[in-house]
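A.B. asks: Starting off with a structure, shown below.
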Number of protein chains: 2
Amino acid sequence: MQIIRKKSEMKDLRGIWAREGRVVGFVPTMGALHKGHITLVERSVAECDRTVVSIFVNPLQFGPKEDFGKYPRREKADCEMCEKAGADVVFIPTVEEMYPRGSGTVVEPHPALVSGMCGAKRPGHFRGVLTVVAKLFNIVQPNVAYFGQKDYQQCCVIEQMVLDLDFPVKLVFVPTVREPDGLAMSSRNEYLSKEERKKSVCLYKALKEAERMIVNEKEKEVSKIVERMKEIVQEAGGRIDYIEIVEPKSLRKVESIEESVVIGIAVFIGSTRLIDNIIVCPNRGEIFCDAL
Amino acid sequence: MQIIRKKSEMKDLRGIWAREGRVVGFVPTMGALHKGHITLVERSVAECDRTVVSIFVNPLQFGPKEDFGKYPRREKADCEMCEKAGADVVFIPTVEEMYPRGSGTVVEPHPALVSGMCGAKRPGHFRGVLTVVAKLFNIVQPNVAYFGQKDYQQCCVIEQMVLDLDFPVKLVFVPTVREPDGLAMSSRNEYLSKEERKKSVCLYKALKEAERMIVNEKEKEVSKIVERMKEIVQEAGGRIDYIEIVEPKSLRKVESIEESVVIGIAVFIGSTRLIDNIIVCPNRGEIFCDAL
């Protein structure tokens, strides 16, 4: 497995692969890899001729008061995990390599997709995400790119970018990988104290309670479901950032649940902000992004 | 020569060329082709294995009161000119093909590059330009793309996008082609009545007078030069939209001319807005974009 730090070197290698007719899979990450990421890498390795994993903590997608500085960085362990999963290249550029002085062109997300959820709570976040993903797509030029459902809104915003800007990339979204108690895998889980770790299961608990209400109680009223979810989070000592129930593609808020919906939740456990989501079909219960 | 109207078909053909290892040159246009465009096509044909010309009047780069509706369209003559110049493909998508209902992701130019000149006078224009150029780059996936110096600010904004978003495309900027009296070739020259056509030479006259003042009179003061240019335009009956003297790369306004500058001008002749520019080196006189 090769470690590449320069964009030019990555592009050169991609050129060789193009002439060889290789199908290239790509897993963009911010590092601090966990089983969620590795599932994506393994999927790419299984489906593509070559797999590139990028590790880049993207300053452009962090707000001024967010955790860019303390986001976990552990290149060596990450590379070992990628190698074990069968990746061919780990691309690890510096901030200066990705954003040289004077850069400033950006990709703006579709406004309708970022008016709610993390888009509303983290202004500029998805601009940062799209800008770095567009850059990485142009550097790695993947045939297929893999993203995790945990960042559901991110998946939608990127899917819309690929459509709107005609990127020649196929997107694959992969269901969220969870801890045994249901907590969604996230690099930010590392911020949690032992006490907080216990509380953090409230996100999944609230989501599954919503599913139960929708499927078993045939509850259609969003306000009632959100109210019950709030109780669960607050009883656990979490501070709600948002709970939203939206249409799976448009991310428009729904008031009454008639078809499949995405239930998104963001909660502060102490100072750590965690997000999670599930897709619920009123007839079938939880379904996954690959079934949409 | 092939005429392609579907993005998917263009991408498929590009895939074949990739496997064949072809170097692909690209000339994006809005059609109504003139010698300026054909110079770009001929340059691409000479330098690349395959040449694609796109013809697309991009609604996103027109303001609500601008000339999108009346912009000249003459596909047949354009295709004949492209074929004669040696193009392999003319790509002519419809507006619906390029902007299906619900699209909305856009590329925002570097703010510093659009605070003046056409950027200031045509809000949103360069967002439209970059969004369509990003799309066309992703559809055609050229190795080299050709643009005319007449749209100098456009060249700068696109060059910055390619840098900032890491598009794997080499850009070539080609000096403005002029009519015998100096008028820059432009599809919009067709709007001019015979009377207006005579007046329209005032843009070039003003630019060359500025050059004369800088080179022969060693005039450094921008305000004096601009004043003299205004007189020339107004004497001819033109209405000035802007006259700006800027640094060639940053497009920052200069007050005193010490090094090479770009002199940009936009003038309404009747209801037709024309633009032009020259690059002037105080020691050498006019120089061209390919000498920068």
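Each chain of the structure tokens is named A, B, ... in the order shown, its residues numbered from 1; ligands are numbered from 1 in display order.
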Could you please write out, as JSON, numbers by chain, every residue of region 17-247 of chain B that DSSP assigns to strand (DSSP E or B)?
C.D. replies: {"B": [24, 25, 26, 27, 28, 29, 50, 51, 52, 53, 54, 55, 89, 90, 91, 106, 107, 108, 144, 145, 146, 147, 148, 170, 171, 172, 173, 174, 178, 184, 221, 239, 240, 241, 242, 243, 244, 245, 246]}
A.B. asks: Select residues of chain B: the criterion is any atom within 9 Å of an atom of chain A, counting only C-alpha atoms; output as a VMD selection string.
C.D. replies: chain B and resid 7 11 18 to 21 98 to 100 102 to 112 131 to 132 134 to 139 141 157 160 to 168
A.B. asks: Would you output that residue set with N, CA and C atoms, as an mmCIF file, in the first residue's frame?
C.D. replies:
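Final output, selection-v1.cif:
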data_model
loop_
_atom_site.group_PDB
_atom_site.id
_atom_site.type_symbol
_atom_site.label_atom_id
_atom_site.label_comp_id
_atom_site.auth_asym_id
_atom_site.auth_seq_id
_atom_site.Cartn_x
_atom_site.Cartn_y
_atom_site.Cartn_z
ATOM 1 N N LYS B 7 -25.575 14.324 -22.686
ATOM 2 C CA LYS B 7 -24.405 14.250 -21.803
ATOM 3 C C LYS B 7 -23.878 12.832 -21.728
ATOM 4 N N LYS B 11 -20.132 11.542 -22.537
ATOM 5 C CA LYS B 11 -19.296 10.854 -21.542
ATOM 6 C C LYS B 11 -18.833 9.484 -22.056
ATOM 7 N N ALA B 18 -10.494 7.798 -23.663
ATOM 8 C CA ALA B 18 -9.587 7.611 -22.516
ATOM 9 C C ALA B 18 -8.837 6.287 -22.663
ATOM 10 N N ARG B 19 -9.588 5.249 -23.011
ATOM 11 C CA ARG B 19 -8.950 3.936 -23.168
ATOM 12 C C ARG B 19 -7.985 3.925 -24.344
ATOM 13 N N GLU B 20 -8.247 4.769 -25.332
ATOM 14 C CA GLU B 20 -7.338 4.879 -26.479
ATOM 15 C C GLU B 20 -6.166 5.815 -26.194
ATOM 16 N N GLY B 21 -6.204 6.466 -25.012
ATOM 17 C CA GLY B 21 -5.112 7.369 -24.644
ATOM 18 C C GLY B 21 -5.091 8.686 -25.406
ATOM 19 N N MET B 98 -28.926 20.283 -19.605
ATOM 20 C CA MET B 98 -27.881 20.833 -18.732
ATOM 21 C C MET B 98 -28.419 21.183 -17.346
ATOM 22 N N TYR B 99 -29.647 21.698 -17.291
ATOM 23 C CA TYR B 99 -30.225 22.085 -16.001
ATOM 24 C C TYR B 99 -31.573 21.426 -15.805
ATOM 25 N N PRO B 100 -31.575 20.138 -15.476
ATOM 26 C CA PRO B 100 -32.874 19.507 -15.238
ATOM 27 C C PRO B 100 -33.555 20.159 -14.032
ATOM 28 N N GLY B 102 -34.924 21.134 -10.678
ATOM 29 C CA GLY B 102 -34.456 20.806 -9.341
ATOM 30 C C GLY B 102 -32.964 20.951 -9.141
ATOM 31 N N SER B 103 -32.224 21.282 -10.201
ATOM 32 C CA SER B 103 -30.790 21.452 -9.986
ATOM 33 C C SER B 103 -30.533 22.762 -9.244
ATOM 34 N N GLY B 104 -29.415 22.837 -8.546
ATOM 35 C CA GLY B 104 -29.190 24.040 -7.738
ATOM 36 C C GLY B 104 -27.812 24.167 -7.118
ATOM 37 N N THR B 105 -26.959 23.153 -7.242
ATOM 38 C CA THR B 105 -25.582 23.281 -6.763
ATOM 39 C C THR B 105 -24.828 24.201 -7.721
ATOM 40 N N VAL B 106 -24.059 25.123 -7.207
ATOM 41 C CA VAL B 106 -23.337 26.056 -8.079
ATOM 42 C C VAL B 106 -21.886 26.205 -7.629
ATOM 43 N N VAL B 107 -21.069 26.706 -8.554
ATOM 44 C CA VAL B 107 -19.681 27.020 -8.227
ATOM 45 C C VAL B 107 -19.577 28.536 -8.074
ATOM 46 N N GLU B 108 -19.076 28.965 -6.923
ATOM 47 C CA GLU B 108 -18.939 30.396 -6.636
ATOM 48 C C GLU B 108 -17.508 30.830 -6.909
ATOM 49 N N PRO B 109 -17.340 31.892 -7.705
ATOM 50 C CA PRO B 109 -15.979 32.353 -8.005
ATOM 51 C C PRO B 109 -15.272 32.926 -6.788
ATOM 52 N N HIS B 110 -13.974 32.979 -6.878
ATOM 53 C CA HIS B 110 -13.167 33.646 -5.864
ATOM 54 C C HIS B 110 -13.651 35.091 -5.738
ATOM 55 N N PRO B 111 -14.085 35.514 -4.545
ATOM 56 C CA PRO B 111 -14.699 36.844 -4.418
ATOM 57 C C PRO B 111 -13.791 37.980 -4.899
ATOM 58 N N ALA B 112 -12.497 37.866 -4.643
ATOM 59 C CA ALA B 112 -11.593 38.961 -5.012
ATOM 60 C C ALA B 112 -11.536 39.171 -6.524
ATOM 61 N N THR B 131 -20.253 27.544 -13.085
ATOM 62 C CA THR B 131 -21.101 26.358 -12.929
ATOM 63 C C THR B 131 -21.187 25.596 -14.252
ATOM 64 N N VAL B 132 -21.381 26.314 -15.341
ATOM 65 C CA VAL B 132 -21.497 25.597 -16.624
ATOM 66 C C VAL B 132 -20.142 25.068 -17.079
ATOM 67 N N ALA B 134 -17.687 24.072 -15.103
ATOM 68 C CA ALA B 134 -17.431 22.884 -14.277
ATOM 69 C C ALA B 134 -18.206 21.691 -14.829
ATOM 70 N N LYS B 135 -19.472 21.919 -15.174
ATOM 71 C CA LYS B 135 -20.292 20.847 -15.738
ATOM 72 C C LYS B 135 -19.674 20.339 -17.042
ATOM 73 N N LEU B 136 -19.331 21.268 -17.925
ATOM 74 C CA LEU B 136 -18.775 20.867 -19.227
ATOM 75 C C LEU B 136 -17.438 20.151 -19.052
ATOM 76 N N PHE B 137 -16.628 20.619 -18.111
ATOM 77 C CA PHE B 137 -15.359 19.915 -17.836
ATOM 78 C C PHE B 137 -15.630 18.482 -17.375
ATOM 79 N N ASN B 138 -16.658 18.298 -16.563
ATOM 80 C CA ASN B 138 -16.962 16.954 -16.066
ATOM 81 C C ASN B 138 -17.591 16.062 -17.132
ATOM 82 N N ILE B 139 -18.263 16.678 -18.087
ATOM 83 C CA ILE B 139 -18.890 15.899 -19.167
ATOM 84 C C ILE B 139 -17.849 15.545 -20.236
ATOM 85 N N GLN B 141 -14.472 16.119 -19.993
ATOM 86 C CA GLN B 141 -13.194 15.700 -19.391
ATOM 87 C C GLN B 141 -12.005 15.982 -20.315
ATOM 88 N N VAL B 157 -11.043 33.988 -13.704
ATOM 89 C CA VAL B 157 -11.961 33.310 -12.786
ATOM 90 C C VAL B 157 -11.928 31.790 -13.032
ATOM 91 N N GLN B 160 -8.633 30.340 -11.780
ATOM 92 C CA GLN B 160 -8.665 30.183 -10.328
ATOM 93 C C GLN B 160 -9.517 28.978 -9.936
ATOM 94 N N MET B 161 -10.609 28.749 -10.624
ATOM 95 C CA MET B 161 -11.434 27.573 -10.333
ATOM 96 C C MET B 161 -10.659 26.283 -10.575
ATOM 97 N N VAL B 162 -9.952 26.233 -11.685
ATOM 98 C CA VAL B 162 -9.192 25.024 -12.007
ATOM 99 C C VAL B 162 -8.150 24.763 -10.924
ATOM 100 N N LEU B 163 -7.494 25.826 -10.473
ATOM 101 C CA LEU B 163 -6.528 25.711 -9.376
ATOM 102 C C LEU B 163 -7.230 25.283 -8.086
ATOM 103 N N ASP B 164 -8.276 26.007 -7.721
ATOM 104 C CA ASP B 164 -8.909 25.821 -6.409
ATOM 105 C C ASP B 164 -9.640 24.491 -6.302
ATOM 106 N N LEU B 165 -10.252 24.038 -7.401
ATOM 107 C CA LEU B 165 -11.002 22.780 -7.358
ATOM 108 C C LEU B 165 -10.220 21.624 -7.993
ATOM 109 N N ASP B 166 -8.970 21.894 -8.362
ATOM 110 C CA ASP B 166 -8.070 20.837 -8.840
ATOM 111 C C ASP B 166 -8.557 20.107 -10.086
ATOM 112 N N PHE B 167 -9.251 20.833 -10.954
ATOM 113 C CA PHE B 167 -9.653 20.190 -12.216
ATOM 114 C C PHE B 167 -8.409 19.742 -12.985
ATOM 115 N N PRO B 168 -8.413 18.501 -13.476
ATOM 116 C CA PRO B 168 -7.245 17.990 -14.209
ATOM 117 C C PRO B 168 -7.266 18.471 -15.662
#
A.B. asks: List every residue of region 21-262 of chain A that DSSP, applied to the backbone of this structure, assigns to alpha helix (DSSP H), and report them as a PyMOL selection string.
C.D. replies: chain A and resi 35-47+75-85+95-98+117-121+125-140+152-164+194-199+202-215+222-235
A.B. asks: Skip Cys289 (chain B) itself and residues of its chain fewer than 3 positions away, then list as a list in words all residues within 8 Å of it, counting only C-alpha atoms.
C.D. replies: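 Result of the neighbour search: Gln149, Phe173, Val174, Pro175, Ile279 and Leu292 of chain B.
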A.B. asks: Report as a ChimeraX atom specification all protein, DNA and RNA residues lying within 10 Å of region 41-48 of chain A, evaluated on only C-alpha atoms, omitting residues in the same chain fewer than 2 positions from it.
C.D. replies: /A:22-28,35-39,50-53,81-88,142-147,172,174
A.B. asks: Fewer than 2 positions away in the same chain doesn't count, so skip those; otherwise give me all residues within 7 Å of Arg239 (chain B), counting only C-alpha atoms, as a PDB file with C-alpha atoms, in the first residue's frame.
C.D. replies:
ATOM      1  CA  GLN B 234     -18.239  59.688 -25.161  1.00  0.00           C
ATOM      2  CA  GLY B 237     -21.505  58.343 -28.573  1.00  0.00           C
ATOM      3  CA  ASP B 241     -20.291  50.766 -18.238  1.00  0.00           C
ATOM      4  CA  VAL B 267     -19.399  50.226 -23.263  1.00  0.00           C
ATOM      5  CA  PHE B 268     -23.003  50.356 -24.348  1.00  0.00           C
ATOM      6  CA  ILE B 269     -23.340  51.220 -28.026  1.00  0.00           C
TER       7      ILE B 269
END
A.B. asks: Between B:Lys121, B:Arg14, B:Lys150, B:Arg284, which is the closest to Ile243 (chain B) once you count only C-alpha atoms?
C.D. replies: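 Looking only at the distances to Ile243 (chain B), the closest residue turns out to be B:Lys121.
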A.B. asks: What is the CA of Val280 (chain B) to CA of Glu196 (chain B) distance in Å?
C.D. replies: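 Spanning CA of Val280 (chain B) to CA of Glu196 (chain B) is a straight-line distance of 27.1 Å.
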A.B. asks: Using Å and a single decimal, report how far CA of Lys205 (chain A) sits from CA of Ile275 (chain A).
C.D. replies: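 Going from CA of Ile275 (chain A) over to CA of Lys205 (chain A), I get 12.8 Å.
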A.B. asks: Would you list the contacts of Gly182 (chain B) as number ranges by chain, taking every protein, DNA or RNA residue within 9 Å and counting only C-alpha atoms, but skipping same-chain residues closer than 3 positions in sequence?
C.D. replies: B: 177-179, 185, 201, 203-205
